[in-house]
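Visitor: First the structure, then my questions, so here it is.
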Amino acid sequence: MERKEFLKRGFGSLLGIAAVSPLVGACSSSTVDPFSSTGTSTTSPGSSTSTGTTNGSTSSSCITSPSETEGPFPTKVPANFVMKDIRSDRTGVPFTINITVKNNNNSCAALAGAMVDIWHCDKDGYYSEYGGSGMQSVNFTAVDFLRGRQTSDANGLVSFTSIFPGWYSGRAPHIHVHVYNAAGKSLLVTQIAFPYDISNTVYTTAQSYGYTKGKQDTKNESDNVFSDSITTELATVSGSISAGYVLTFSVVVSA
């Protein structure tokens with residue numbers, strides 16, 4: 001089955017059948033209605049900064065982030081990837097990922113000691129640990145890249161060194177996030193979207209870094225995951241192709 005067809009049929013039903021990972025049970029979490037906050041995008045292609053959203057965690061509101069599927073390519077053994085630099089042998093535009101975990105049960109105060117797993121595709125749209133099938137033709141089952149785990153500090157912050165993700169047909173560019181408490185209990189599986197102008201700049205002008213597929217075929221508003229919740233899943237991204245980009249995002253969990 002092609003990835004695009006997988007998306008059309010819906011993640012949940014297929015994951016229930018295929019059981020692609022022991023972590024798939026977390027996908028059964030209900031989706032929280034998105035916080036109503038309009039993000040703004042102020043950067044045109046070639047500029048350096050774009051503004052995302054408040055992620056439902058302003059001083060006047062504290063709404064748990066939407067729950068999303070972790071499939072079809074979740075990390076199989078997350079505890080093996082306790083690392084900040086998740087690039088491995090992957091090349092691309094430098095990308096720093098800063099995620100702050102906040103606690104909905106404590107007025108969105110920073111949540112220290114949370115384990116945060118992230119994973120995303122490489123510049124060509126491929127995931128490690130999978131492949132050799134209709135979902136991903138190139139076989140990367142024997143290698144690991146762009147997967148990592150960090151524990152949030154006193155400010156609820158985790159940071160990763162990576163490369164700007166590519167895209168694949170049927171999905172807007174994204175990062176997967178799975179948050180656990182210090183005891184290992186799953187708190188939330190969600191995803192992070194990028195401002196379109198930043199993604200478009202990378203995909204259409206960063207050929208020297210190996211981005212050769214051109215403009216993404218699915219925008220956030222048409223994405224199967226983000227279309228109903230983009231106001232709480234859109235990150236703030238700043239920087240440039242030459243200097244690299246920095247992503248800033250807050251995830252709100254009920255801990």
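A note on labels: chains of the structure tokens are A, B, ... as shown, every chain counts residues from 1, and ligands are counted from 1 in their shown order.
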When you look at region 182-185 of chain A with a cut-off of 12 Å (counting only C-alpha atoms), what residues show up, excluding the ones that are within fewer than 4 positions of it in the same chain? I need them as a VMD selection string.

Guide: chain A and resid 23 26 78 to 79 111 to 117 150 to 153 178 189 253 to 255

Visitor: What is the distance between CA of Val179 (chain A) and CA of Phe145 (chain A), in Å to one decimal?

Guide: 19.3 Å

Visitor: Considering only C-alpha atoms, can you say which of A:Glu221, A:Asp89, A:Asp197, A:Asp124 comes closest to Glu233 (chain A)?

Guide: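 Among A:Glu221, A:Asp89, A:Asp197, A:Asp124, it is A:Glu221 that comes nearest to Glu233 (chain A).
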
Visitor: From the list A:Asp122, A:Thr205, A:Val252, A:Pro165, which residue is nearest Asn106 (chain A) when using only C-alpha atoms?

Guide: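 Using only C-alpha atoms, Asn106 (chain A) sits closest to A:Val252.
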
Visitor: Which residues are near Thr218 (chain A)? Cut-off 8 Å, only C-alpha atoms, ignore same chain within fewer than 6 positions. Put them as a PyMOL selection string.

Guide: chain A and resi 169-172

Visitor: Quick one: contact table of region 49-157 of chain A to region 247-251 of chain A, 7 Å max, nearest atom pair and distance in Å to one decimal per residue, counting only C-alpha atoms, chain and number order, as a tab-separated table?

Guide:
residue	atom	partner	partner_atom	distance
A:Asn55	CA	A:Ser250	CA	5.9
A:Ser65	CA	A:Val251	CA	6.0
A:Thr96	CA	A:Leu247	CA	6.1
A:Ile97	CA	A:Leu247	CA	4.9
A:Asn98	CA	A:Thr248	CA	5.0
A:Ile99	CA	A:Phe249	CA	4.9
A:Thr100	CA	A:Ser250	CA	4.6
A:Val101	CA	A:Val251	CA	4.9
A:Lys102	CA	A:Val251	CA	6.1

Visitor: How would the residues just picked look written out with N, CA and C atoms as a tab-separated table (two decimals), in the first residue's frame?

Guide:
chain	number	residue	atom	x	y	z
A	55	ASN	N	0.47	27.66	20.59
A	55	ASN	CA	0.33	26.26	20.96
A	55	ASN	C	-0.63	26.04	22.13
A	65	SER	N	-2.41	19.78	24.08
A	65	SER	CA	-2.13	19.68	22.65
A	65	SER	C	-2.91	18.53	22.04
A	96	THR	N	17.82	23.12	14.42
A	96	THR	CA	17.76	22.94	15.86
A	96	THR	C	16.30	22.88	16.28
A	97	ILE	N	15.95	21.86	17.04
A	97	ILE	CA	14.56	21.64	17.45
A	97	ILE	C	14.45	21.85	18.95
A	98	ASN	N	13.76	22.91	19.37
A	98	ASN	CA	13.56	23.22	20.78
A	98	ASN	C	12.09	23.03	21.14
A	99	ILE	N	11.83	22.09	22.03
A	99	ILE	CA	10.46	21.78	22.44
A	99	ILE	C	10.34	21.98	23.95
A	100	THR	N	9.34	22.75	24.36
A	100	THR	CA	9.07	22.96	25.78
A	100	THR	C	7.82	22.20	26.16
A	101	VAL	N	7.91	21.39	27.21
A	101	VAL	CA	6.78	20.61	27.69
A	101	VAL	C	6.12	21.35	28.85
A	102	LYS	N	4.81	21.55	28.74
A	102	LYS	CA	4.05	22.26	29.78
A	102	LYS	C	2.94	21.36	30.30

Visitor: Between CA of Gln216 (chain A) and CA of Trp167 (chain A), what distance in Å does the model show, to one decimal?

Guide: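 Between CA of Gln216 (chain A) and CA of Trp167 (chain A) the gap is 6.3 Å.
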
Visitor: Quick one: pick out all strand (DSSP E) residues within region 77-245 of chain A from a backbone DSSP run and write them as a count of residues only.

Guide: 51

Visitor: Pick out the closest residue to Val237 (chain A) from this set: A:Phe95, A:Ser133, A:Val225, A:Gly210. Count only C-alpha atoms.

Guide: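 Of A:Phe95, A:Ser133, A:Val225, A:Gly210, the one nearest Val237 (chain A), counting only C-alpha atoms, is A:Phe95.
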